[in-house]
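**Q** You'll find work.csv just under this line, and it carries CSV, C-alpha atoms and all ligand atoms.
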chain,number,residue,atom,x,y,z
A,295,MET,CA,-19.6,-21.0,12.7
A,296,LYS,CA,-20.4,-18.3,10.1
A,297,ILE,CA,-18.2,-15.4,8.9
A,298,ALA,CA,-19.7,-12.4,7.0
A,299,VAL,CA,-17.3,-11.6,4.1
A,300,TYR,CA,-17.6,-8.0,3.0
A,301,SER,CA,-16.3,-6.3,-0.2
A,302,CYS,CA,-15.7,-9.7,-1.8
A,303,ARG,CA,-14.4,-9.4,-5.4
A,304,GLU,CA,-15.2,-11.9,-8.0
A,305,ASP,CA,-11.6,-13.1,-8.1
A,306,GLU,CA,-11.8,-13.9,-4.4
A,307,ILE,CA,-15.0,-16.0,-4.4
A,308,ALA,CA,-13.4,-19.4,-5.4
A,309,LEU,CA,-10.6,-18.8,-2.8
A,310,PHE,CA,-13.2,-18.1,-0.1
A,311,GLU,CA,-15.1,-21.3,-1.0
A,312,LYS,CA,-11.8,-23.3,-0.9
A,313,TYR,CA,-10.5,-22.0,2.4
A,314,GLY,CA,-14.0,-21.9,4.0
A,315,LYS,CA,-14.2,-25.6,3.4
A,316,GLU,CA,-10.7,-26.2,4.6
A,317,TYR,CA,-11.3,-24.4,8.0
A,318,GLY,CA,-14.9,-25.8,8.3
A,319,VAL,CA,-16.7,-22.4,8.4
A,320,GLU,CA,-19.8,-21.2,6.7
A,321,LEU,CA,-19.5,-18.0,4.8
A,322,SER,CA,-22.0,-15.2,4.0
A,323,ILE,CA,-20.3,-13.6,1.0
A,324,SER,CA,-21.2,-10.1,-0.2
A,325,PRO,CA,-19.6,-7.6,-2.7
A,326,LEU,CA,-20.9,-4.7,-0.5
A,327,PRO,CA,-18.6,-2.8,1.8
A,328,PRO,CA,-19.2,-2.7,5.5
A,329,THR,CA,-21.3,0.3,6.5
A,330,PRO,CA,-24.0,0.8,9.1
A,331,GLU,CA,-26.5,0.1,6.2
A,332,THR,CA,-24.9,-3.3,5.4
A,333,ALA,CA,-24.2,-4.2,9.0
A,334,ARG,CA,-27.1,-6.6,9.1
A,335,LEU,CA,-25.3,-8.9,6.7
A,336,ALA,CA,-23.3,-10.0,9.8
A,337,GLU,CA,-26.4,-11.1,11.7
A,338,GLY,CA,-25.9,-14.7,12.9
A,339,CYS,CA,-22.2,-14.6,12.2
A,340,PHE,CA,-19.3,-14.8,14.8
A,341,ALA,CA,-16.8,-12.8,12.7
A,342,VAL,CA,-16.5,-10.3,9.8
A,343,ASP,CA,-14.0,-10.3,7.1
A,344,ILE,CA,-13.3,-6.9,5.5
A,345,ILE,CA,-10.8,-5.0,3.4
A,346,THR,CA,-9.9,-1.3,3.4
A,347,THR,CA,-13.3,0.4,4.1
A,348,PRO,CA,-13.1,2.5,7.3
A,349,VAL,CA,-14.8,0.8,10.3
A,350,GLY,CA,-15.7,3.2,13.1
A,351,ARG,CA,-17.5,3.0,16.4
A,352,ASP,CA,-21.0,3.1,15.0
A,353,LEU,CA,-20.5,0.0,12.9
A,354,ILE,CA,-18.6,-1.8,15.6
A,355,ASP,CA,-21.5,-1.1,18.1
A,356,ILE,CA,-24.0,-2.7,15.7
A,357,TRP,CA,-21.8,-5.7,15.1
A,358,ARG,CA,-21.3,-6.1,18.8
A,359,GLY,CA,-25.1,-6.3,19.2
A,360,PHE,CA,-25.1,-9.2,16.7
A,361,GLY,CA,-22.5,-11.0,18.8
A,362,ILE,CA,-19.5,-10.4,16.5
A,363,LYS,CA,-16.3,-11.6,18.2
A,364,ALA,CA,-13.7,-11.0,15.6
A,365,ILE,CA,-12.9,-8.5,12.8
A,366,ALA,CA,-10.4,-9.7,10.3
A,367,THR,CA,-9.1,-7.3,7.7
A,368,ARG,CA,-7.5,-9.1,4.8
A,369,THR,CA,-4.9,-6.3,4.4
A,370,VAL,CA,-1.6,-5.7,6.0
A,371,GLY,CA,-2.5,-2.2,7.2
A,372,TYR,CA,-5.3,-2.0,9.9
A,373,GLU,CA,-5.5,1.7,10.6
A,374,HIS,CA,-8.9,1.9,8.9
A,375,VAL,CA,-10.4,-0.1,11.8
A,376,ASP,CA,-11.0,1.6,15.1
A,377,TYR,CA,-9.2,-1.4,16.7
A,378,LYS,CA,-8.7,0.2,20.1
A,379,TYR,CA,-12.4,0.6,20.5
A,380,ALA,CA,-13.2,-2.9,19.1
A,381,GLU,CA,-10.7,-4.4,21.5
A,382,SER,CA,-12.0,-2.5,24.4
A,383,LEU,CA,-15.3,-4.3,23.8
A,384,GLY,CA,-13.6,-7.6,23.6
A,385,ILE,CA,-13.7,-7.9,19.8
A,386,SER,CA,-10.4,-9.1,18.4
A,387,VAL,CA,-9.0,-7.3,15.3
A,388,SER,CA,-6.5,-9.0,13.1
A,389,ASN,CA,-4.7,-8.2,9.9
A,390,VAL,CA,-2.9,-10.5,7.5
A,391,SER,CA,0.6,-10.8,6.3
A,392,TYR,CA,1.5,-12.2,2.9
A,393,THR,CA,4.6,-12.7,0.8
A,394,PRO,CA,6.6,-9.4,0.8
A,395,HIS,CA,7.8,-10.2,-2.7
A,396,THR,CA,4.6,-9.0,-4.3
A,397,VAL,CA,5.0,-5.4,-3.1
A,398,ALA,CA,8.8,-5.5,-3.2
A,399,GLU,CA,8.9,-6.6,-6.9
A,400,TYR,CA,6.4,-4.0,-7.8
A,401,THR,CA,8.4,-1.3,-6.0
A,402,VAL,CA,11.5,-2.2,-8.0
A,403,MET,CA,9.4,-2.2,-11.2
A,404,THR,CA,8.1,1.3,-10.5
A,405,MET,CA,11.6,2.6,-9.5
A,406,LEU,CA,12.9,1.5,-12.9
A,407,MET,CA,9.9,2.9,-14.7
A,408,ALA,CA,10.4,6.2,-13.0
A,409,ILE,CA,14.1,6.3,-13.7
A,410,ARG,CA,13.6,5.4,-17.3
A,411,LYS,CA,10.6,7.8,-17.8
A,412,MET,CA,8.4,4.9,-18.8
A,413,LYS,CA,5.1,6.7,-18.5
A,414,ALA,CA,6.1,9.3,-21.0
A,415,ILE,CA,7.6,6.6,-23.4
A,416,LEU,CA,4.4,4.5,-23.3
A,417,THR,CA,1.9,7.3,-23.6
A,418,ARG,CA,3.9,8.9,-26.5
A,419,TYR,CA,4.1,5.5,-28.2
A,420,ILE,CA,0.2,5.4,-28.3
A,421,GLY,CA,0.3,8.7,-30.2
A,422,GLN,CA,3.0,7.4,-32.5
A,423,ASP,CA,5.5,9.9,-31.2
A,424,PHE,CA,8.7,7.8,-31.5
A,425,SER,CA,11.1,10.8,-31.0
A,426,LEU,CA,13.8,10.7,-28.3
A,427,LYS,CA,13.2,14.2,-26.9
A,428,ASP,CA,13.0,14.4,-23.1
A,429,ILE,CA,12.9,10.7,-22.4
A,430,ARG,CA,16.6,10.0,-21.7
A,431,GLY,CA,16.8,8.1,-18.4
A,432,LYS,CA,19.5,7.2,-15.9
A,433,GLU,CA,21.0,3.9,-14.7
A,434,LEU,CA,20.0,2.6,-11.3
A,435,CYS,CA,23.5,1.1,-10.8
A,436,ASN,CA,24.9,4.6,-10.4
A,437,MET,CA,22.3,5.9,-8.0
A,438,THR,CA,22.0,6.0,-4.2
A,439,VAL,CA,18.7,4.6,-3.1
A,440,GLY,CA,17.2,5.5,0.3
A,441,VAL,CA,14.9,3.0,1.9
A,442,ILE,CA,12.7,4.2,4.7
A,443,GLY,CA,11.3,1.3,6.7
A,444,THR,CA,13.2,-2.0,6.6
A,445,GLY,CA,10.4,-4.3,7.7
A,446,LYS,CA,9.3,-7.2,5.6
A,447,ILE,CA,8.8,-5.2,2.4
A,448,GLY,CA,11.6,-2.7,2.8
A,449,GLU,CA,14.1,-5.5,3.5
A,450,THR,CA,12.9,-7.5,0.5
A,451,VAL,CA,13.3,-4.3,-1.7
A,452,ILE,CA,16.8,-3.9,-0.4
A,453,LYS,CA,17.7,-7.6,-1.2
A,454,ASN,CA,16.1,-7.2,-4.7
A,455,LEU,CA,18.2,-4.1,-5.2
A,456,SER,CA,21.5,-5.9,-4.4
A,457,GLY,CA,21.6,-7.3,-7.9
A,458,PHE,CA,21.6,-3.8,-9.4
A,459,GLY,CA,24.8,-2.5,-7.8
A,460,CYS,CA,23.4,0.7,-6.5
A,461,ARG,CA,24.4,2.2,-3.1
A,462,VAL,CA,21.6,1.6,-0.6
A,463,LEU,CA,21.0,3.7,2.5
A,464,ALA,CA,18.4,2.6,5.0
A,465,TYR,CA,16.5,4.1,7.9
A,466,ASP,CA,14.3,2.4,10.4
A,467,VAL,CA,13.5,3.0,14.1
A,468,TYR,CA,14.7,-0.6,14.6
A,469,GLU,CA,17.8,-1.7,12.7
A,470,LYS,CA,18.1,-5.3,11.5
A,471,ASP,CA,21.3,-7.3,11.2
A,472,SER,CA,19.9,-9.1,8.2
A,473,VAL,CA,19.7,-5.8,6.3
A,474,LYS,CA,23.2,-4.6,7.1
A,475,GLN,CA,25.0,-6.8,4.6
A,476,TYR,CA,23.0,-5.2,1.8
A,477,ALA,CA,22.5,-1.6,3.0
A,478,GLN,CA,24.0,1.0,5.2
A,479,TYR,CA,21.8,2.3,8.0
A,480,CYS,CA,22.1,6.1,8.5
A,481,PRO,CA,20.1,8.9,10.2
A,482,LEU,CA,17.0,10.0,8.4
A,483,ASN,CA,18.5,13.4,7.6
A,484,THR,CA,21.6,11.8,5.9
A,485,LEU,CA,19.3,9.6,3.8
A,486,TYR,CA,17.3,12.7,2.7
A,487,HIS,CA,20.5,14.6,1.9
A,488,GLU,CA,22.2,11.8,-0.1
A,489,ALA,CA,19.6,9.7,-1.8
A,490,ASP,CA,18.8,10.1,-5.5
A,491,LEU,CA,15.7,8.0,-5.0
A,492,ILE,CA,13.7,7.5,-1.8
A,493,THR,CA,11.2,4.7,-1.3
A,494,LEU,CA,8.8,4.5,1.6
A,495,HIS,CA,7.9,1.3,3.5
A,496,THR,CA,6.7,2.3,6.9
A,497,PRO,CA,3.2,2.0,8.3
A,498,ALA,CA,1.0,5.1,8.7
A,499,THR,CA,1.5,6.2,12.3
A,500,ASP,CA,1.5,9.6,14.1
A,501,GLU,CA,5.3,9.8,13.5
A,502,THR,CA,5.2,8.8,9.8
A,503,CYS,CA,2.1,10.8,8.6
A,504,GLY,CA,3.3,13.7,6.5
A,505,MET,CA,7.0,12.7,6.9
A,506,ILE,CA,7.5,13.8,3.2
A,507,ASN,CA,6.6,17.4,3.4
A,508,LYS,CA,7.8,20.9,2.3
A,509,ASN,CA,10.7,20.9,4.9
A,510,THR,CA,11.9,17.3,4.3
A,511,ILE,CA,11.7,17.7,0.5
A,512,ALA,CA,13.8,20.9,0.8
A,513,SER,CA,16.5,18.9,2.5
A,514,MET,CA,16.6,16.3,-0.4
A,515,LYS,CA,18.8,16.4,-3.5
A,516,ASP,CA,17.6,18.4,-6.4
A,517,GLY,CA,16.0,16.0,-8.9
A,518,VAL,CA,15.2,13.3,-6.3
A,519,ILE,CA,12.7,10.6,-7.2
A,520,ILE,CA,10.1,9.6,-4.7
A,521,ILE,CA,8.4,6.2,-4.6
A,522,ASN,CA,5.5,5.5,-2.3
A,523,MET,CA,4.0,1.9,-2.2
A,524,ALA,CA,3.2,2.2,1.6
A,525,ARG,CA,0.4,4.6,2.6
A,526,GLY,CA,-0.8,7.9,1.0
A,527,VAL,CA,-0.7,9.8,4.2
A,528,LEU,CA,3.0,9.5,4.5
A,529,ILE,CA,3.3,12.3,1.9
A,530,ASP,CA,1.9,15.8,2.1
A,531,THR,CA,0.5,15.6,-1.4
A,532,ALA,CA,0.3,19.4,-1.9
A,533,ALA,CA,4.0,19.8,-1.0
A,534,LEU,CA,4.9,16.9,-3.5
A,535,ILE,CA,2.9,18.6,-6.3
A,536,GLU,CA,4.7,21.9,-5.7
A,537,ALA,CA,8.1,20.2,-5.7
A,538,LEU,CA,7.2,18.3,-8.9
A,539,GLU,CA,6.1,21.5,-10.6
A,540,SER,CA,9.4,23.3,-9.5
A,541,GLY,CA,11.5,20.4,-10.6
A,542,LYS,CA,12.9,19.8,-7.1
A,543,VAL,CA,11.4,16.3,-7.3
A,544,ALA,CA,12.1,14.9,-10.8
A,545,ALA,CA,9.6,12.1,-10.7
A,546,ALA,CA,7.4,10.0,-8.5
A,547,ALA,CA,5.7,6.6,-8.5
A,548,LEU,CA,2.7,6.4,-6.2
A,549,ASP,CA,0.6,3.2,-5.7
A,550,VAL,CA,-1.1,5.0,-2.8
A,551,VAL,CA,-2.4,8.6,-2.3
A,552,ASP,CA,-4.0,10.3,0.6
A,553,GLY,CA,-7.8,10.2,0.2
A,554,GLU,CA,-7.8,7.1,-2.0
A,555,SER,CA,-10.1,4.9,0.1
A,556,ALA,CA,-13.4,6.0,-1.4
A,557,ILE,CA,-12.0,5.9,-4.9
A,558,TYR,CA,-9.6,3.0,-5.6
A,559,TYR,CA,-11.1,-0.4,-6.6
A,560,LYS,CA,-14.1,1.4,-8.1
A,561,ASP,CA,-14.8,2.1,-11.8
A,562,PHE,CA,-15.0,5.9,-12.4
A,563,LYS,CA,-14.9,5.7,-16.2
A,564,TYR,CA,-17.7,8.1,-17.0
A,565,ARG,CA,-17.8,10.0,-13.7
A,566,PRO,CA,-15.7,12.7,-12.1
A,567,VAL,CA,-13.4,11.4,-9.4
A,568,GLY,CA,-13.5,14.6,-7.4
A,569,HIS,CA,-9.9,14.3,-6.0
A,570,HIS,CA,-8.1,17.3,-7.4
A,571,GLU,CA,-4.6,16.4,-6.3
A,572,MET,CA,-4.9,13.0,-7.8
A,573,ALA,CA,-6.0,14.6,-11.1
A,574,ILE,CA,-3.0,16.9,-11.1
A,575,LEU,CA,-0.6,14.1,-10.4
A,576,GLN,CA,-2.1,11.8,-13.0
A,577,ALA,CA,-1.7,14.6,-15.6
A,578,MET,CA,2.0,14.8,-15.0
A,579,PRO,CA,4.2,12.8,-17.5
A,580,ASN,CA,6.7,12.1,-14.7
A,581,VAL,CA,4.3,10.7,-12.1
A,582,LEU,CA,3.3,7.1,-12.3
A,583,MET,CA,0.0,6.5,-10.5
A,584,THR,CA,-1.4,3.0,-9.9
A,585,PRO,CA,-4.5,2.2,-7.9
A,586,HIS,CA,-3.1,0.4,-4.8
A,587,THR,CA,-2.3,-2.7,-6.8
A,588,ALA,CA,1.2,-3.5,-5.6
A,589,PHE,CA,-0.2,-6.3,-3.5
A,590,PHE,CA,-2.3,-7.9,-6.3
A,591,THR,CA,-0.8,-11.3,-7.3
A,592,ASP,CA,-2.3,-14.8,-7.2
A,593,GLU,CA,0.0,-15.6,-4.3
A,594,ALA,CA,-0.9,-12.6,-2.1
A,595,VAL,CA,-4.6,-12.8,-2.7
A,596,GLY,CA,-4.6,-16.5,-1.7
A,597,ASP,CA,-2.7,-15.7,1.5
A,598,MET,CA,-5.1,-12.8,2.3
A,599,VAL,CA,-8.2,-14.9,2.0
A,600,ARG,CA,-6.7,-17.9,3.8
A,601,TYR,CA,-5.1,-16.1,6.8
A,602,SER,CA,-8.2,-13.8,7.3
A,603,ILE,CA,-10.3,-16.9,7.8
A,604,GLU,CA,-7.7,-18.6,9.9
A,605,HIS,CA,-7.5,-15.5,12.2
A,606,CYS,CA,-11.3,-15.4,12.6
A,607,VAL,CA,-11.3,-19.1,13.6
A,608,LYS,CA,-8.3,-18.8,16.0
A,609,ASN,CA,-9.3,-15.5,17.6
A,610,VAL,CA,-12.7,-16.7,19.0
A,701,LIG,P1,6.4,-4.1,8.5
A,701,LIG,O1,5.6,-3.9,9.7
A,701,LIG,O2,7.0,-5.5,8.2
A,701,LIG,O3,7.5,-3.0,8.4
A,701,LIG,C1,7.3,-1.7,8.7
A,701,LIG,C2,8.6,-1.1,9.2
A,701,LIG,O4,8.5,0.3,9.4
A,701,LIG,C3,9.1,-1.7,10.5
A,701,LIG,O5,10.5,-2.2,10.3
A,701,LIG,C4,9.1,-0.5,11.5
A,701,LIG,O6,10.1,-0.6,12.5
A,701,LIG,C5,9.2,0.6,10.5
A,701,LIG,N1,8.8,1.9,11.1
A,701,LIG,C6,7.7,2.2,11.8
A,701,LIG,N2,7.7,3.5,12.2
A,701,LIG,C7,8.8,4.0,11.6
A,701,LIG,C8,9.3,5.4,11.6
A,701,LIG,N3,8.7,6.4,12.2
A,701,LIG,N4,10.4,5.6,10.9
A,701,LIG,C9,11.1,4.6,10.2
A,701,LIG,N5,10.6,3.3,10.2
A,701,LIG,C10,9.5,3.0,10.9
A,701,LIG,O7,5.4,-3.7,7.3
A,701,LIG,P2,5.5,-4.2,5.8
A,701,LIG,O8,4.7,-5.4,5.6
A,701,LIG,O9,6.9,-4.1,5.3
A,701,LIG,O10,4.6,-3.0,5.1
A,701,LIG,C11,5.2,-1.7,4.9
A,701,LIG,C12,4.1,-0.8,4.3
A,701,LIG,O11,3.6,-1.2,3.1
A,701,LIG,C13,2.9,-0.6,5.2
A,701,LIG,O12,2.5,0.8,5.2
A,701,LIG,C14,1.8,-1.3,4.5
A,701,LIG,O13,0.5,-0.8,4.8
A,701,LIG,C15,2.2,-1.1,3.1
A,701,LIG,N6,1.7,-2.0,2.1
A,701,LIG,C16,1.2,-1.6,0.9
A,701,LIG,C17,0.7,-2.5,-0.1
A,701,LIG,C18,0.3,-2.0,-1.4
A,701,LIG,O14,-0.4,-2.8,-2.1
A,701,LIG,N7,0.7,-0.9,-1.9
A,701,LIG,C19,0.6,-3.8,0.3
A,701,LIG,C20,1.1,-4.3,1.5
A,701,LIG,C21,1.6,-3.4,2.4
Can I see the file as structure tokens?
**A**
Amino acid sequence: MKIAVYSCREDEIALFEKYGKEYGVELSISPLPPTPETARLAEGCFAVDIITTPVGRDLIDIWRGFGIKAIATRTVGYEHVDYKYAESLGISVSNVSYTPHTVAEYTVMTMLMAIRKMKAILTRYIGQDFSLKDIRGKELCNMTVGVIGTGKIGETVIKNLSGFGCRVLAYDVYEKDSVKQYAQYCPLNTLYHEADLITLHTPATDETCGMINKNTIASMKDGVIIINMARGVLIDTAALIEALESGKVAAAALDVVDGESAIYYKDFKYRPVGHHEMAILQAMPNVLMTPHTAFFTDEAVGDMVRYSIEHCVKNV
């Protein structure tokens, strides 16, 4: 029983060794991402364990030839895997879930940082500019926060916000009773019209891709703040940039951005990144960009490694 582990970071190795022993499986661990060129690392294995690298038909076909029976992505999202194709070949595809607190706490942190103009304050401090010009913030307790998507993370964000005293509007295709004591569900249009700050917590689907676009931004309050810790494709990035430049959107915090997958988790220190929209956003003092790190805690990484191995073992 051997699993090929792709894209293994140094901080995950000890966890893989620990949980590999616990579940009685042998592991072939590699820092390389899964590609047709690295497919052969899975020869002799019954399952592959991956992260966010896109996995298409070409790669799945090669793995199938090696007898791979399970693809486990140690991420919540699984849209990067052509899972319908894999499953049509009898290969199971599984994702993991981990404590929602990791992303929910990060969301509240970035909300507060956006409201209090923390990027400008911190960067100005480095240049010893201790003046108060243009850095006056607002108080969350006086704001209306709109939460789109009240699944595990969205609900936890709402519970975390309950201590701040702000008004919380929520929208989801499925309403949950457990959310109703902390937030008021409303139609999406109402949320867009009334929220001072909008935070996104839906998966990337045909319905949600590009949901924040020129038209929906036009229906929002002037000076709205947009937070995206979910998936980059939920936002039409060009429309967001235009709205930030015009002042319609006052600030944004983005842990994810469309087109990030070949960029984030790599070191580009002395090389051009080649993502123009990301460069424009990063240059804005009112846009906080982080490289898809909302999940990154001891607790979540432990869960990701453990449950990805467990799914491989259970699904064959
Ligand atoms: P979840 O499945 O528990 O919740 C998603 C919610 O979105 C569900 O309640 C679902 O009904 C709702 N939804 C689906 N389509 C919708 C639509 N069209 N309109 C409104 N609501 C809709 O997922 P989760 O664990 O809460 O994760 C939420 C998002 O966070 C996902 O996109 C996930 O990929 C992302 N995420 C990001 C990070 C990070 O590090 N930045 C880490 C984990 C998860």
**Q** Report as a count of residues only which protein, DNA and RNA residues come within 7 Å of ligand LIG 701 (chain A), using all atoms listed in the file.
**A** 34
**Q** Given only C-alpha atoms as the basis, pick out the residue of A:Asn483, A:Lys315, A:Glu554, A:Asp471 nearest to A:His569.
**A**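 So, comparing all the options, the nearest one is A:Glu554.
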**Q** A:Val390, A:Val441, A:Leu485, A:Cys460: which is nearest A:Ile603, counting all atoms listed in the file?
**A** A:Val390
**Q** Nearest to A:Arg410: which of A:Arg303, A:Arg461, A:Lys432, A:His374 is it, counting all atoms listed in the file?
**A**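 The shortest atom-to-atom distance to A:Arg410 comes from A:Lys432.
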**Q** Leaving out stretch 339-343 of chain A and any residue of its chain fewer than 6 positions from it, which residues lie within 8 Å of it when counting all atoms listed in the file, given as a ChimeraX atom specification?
**A** /A:295-300,360-368,602-603,606
**Q** Counting only C-alpha atoms, which of A:His487, A:Arg334, A:Lys312, A:His570 gets nearest to A:Thr438?
**A**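 Using only C-alpha atoms, A:Thr438 sits closest to A:His487.
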**Q** Rank nothing, just name the residue among A:Cys435, A:Asp352, A:Val319, A:Leu528 nearest to A:Asp500, using only C-alpha atoms.
**A**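 Checking each of A:Cys435, A:Asp352, A:Val319, A:Leu528 against A:Asp500, counting only C-alpha atoms, the winner is A:Leu528.
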**Q** Between A:Leu326, A:Met572, A:Met437, A:Cys503, which residue has the minimum interatomic distance to A:Ile535, considering all atoms listed in the file?
**A**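 So, comparing all the options, the nearest one is A:Met572.
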**Q** For the atom pair atom CA of A:Tyr400 and atom CA of A:Gly459, what is the interatomic distance in Å to one decimal place?
**A** 18.5 Å
**Q** So what do you get for atom CA of A:Thr393 versus atom CA of A:Ala489, distance-wise?
**A**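 About the pair atom CA of A:Thr393 and atom CA of A:Ala489: they are 27.1 Å apart.
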**Q** Would you list the residues near (15.5, 17.2, 0.8), meaning any protein, DNA or RNA residue with an atom at most 10 Å from that point in file coordinates, counting all atoms listed in the file, as number ranges by chain?
**A** A: 483-489, 506-518, 542-543
**Q** How far is it from atom CA of A:Leu309 to atom CA of A:Ile354, in Å with one decimal?
**A**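 Rounded to one decimal, the two atoms are 26.3 Å apart.
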**Q** Taking 4 positions as the minimum chain separation for residues in the same chain, which residues sit within 12 Å of stretch 422-430 of chain A when counting only C-alpha atoms? Answer as a list in words.
**A** Met407, Ala408, Ile409, Arg410, Lys411, Met412, Lys413, Ala414, Ile415, Leu416, Thr417, Arg418, Pro579 and Asn580 of chain A
**Q** Grab the residues selected above and save them as a PDB file, keeping the file's coordinate frame with C-alpha atoms.
**A**
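What landed in part_11.pdb:
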ATOM      1  CA  MET A 407       9.900   2.900 -14.700  1.00  0.00           C
ATOM      2  CA  ALA A 408      10.400   6.200 -13.000  1.00  0.00           C
ATOM      3  CA  ILE A 409      14.100   6.300 -13.700  1.00  0.00           C
ATOM      4  CA  ARG A 410      13.600   5.400 -17.300  1.00  0.00           C
ATOM      5  CA  LYS A 411      10.600   7.800 -17.800  1.00  0.00           C
ATOM      6  CA  MET A 412       8.400   4.900 -18.800  1.00  0.00           C
ATOM      7  CA  LYS A 413       5.100   6.700 -18.500  1.00  0.00           C
ATOM      8  CA  ALA A 414       6.100   9.300 -21.000  1.00  0.00           C
ATOM      9  CA  ILE A 415       7.600   6.600 -23.400  1.00  0.00           C
ATOM     10  CA  LEU A 416       4.400   4.500 -23.300  1.00  0.00           C
ATOM     11  CA  THR A 417       1.900   7.300 -23.600  1.00  0.00           C
ATOM     12  CA  ARG A 418       3.900   8.900 -26.500  1.00  0.00           C
ATOM     13  CA  PRO A 579       4.200  12.800 -17.500  1.00  0.00           C
ATOM     14  CA  ASN A 580       6.700  12.100 -14.700  1.00  0.00           C
TER      15      ASN A 580
END
**Q** Kindly provide, as an MDAnalysis selection string, the polymer residues lying within 10 Å of (-10.8, 0.2, 14.2), counting only C-alpha atoms and using the coordinates exactly as they appear in the file.
**A** chainID A and resid 348:351 353:354 365 372:381 387
**Q** If you count only C-alpha atoms, which residues fall within 10 Å of A:Ile452, apart from same-chain ones fewer than 5 positions away, as a CSV table (one decimal) with C-alpha atoms, in the frame of the given file?
**A**
chain,number,residue,atom,x,y,z
A,398,ALA,CA,8.8,-5.5,-3.2
A,402,VAL,CA,11.5,-2.2,-8.0
A,439,VAL,CA,18.7,4.6,-3.1
A,440,GLY,CA,17.2,5.5,0.3
A,441,VAL,CA,14.9,3.0,1.9
A,444,THR,CA,13.2,-2.0,6.6
A,447,ILE,CA,8.8,-5.2,2.4
A,457,GLY,CA,21.6,-7.3,-7.9
A,462,VAL,CA,21.6,1.6,-0.6
A,463,LEU,CA,21.0,3.7,2.5
A,464,ALA,CA,18.4,2.6,5.0
A,473,VAL,CA,19.7,-5.8,6.3
A,474,LYS,CA,23.2,-4.6,7.1
A,476,TYR,CA,23.0,-5.2,1.8
A,477,ALA,CA,22.5,-1.6,3.0
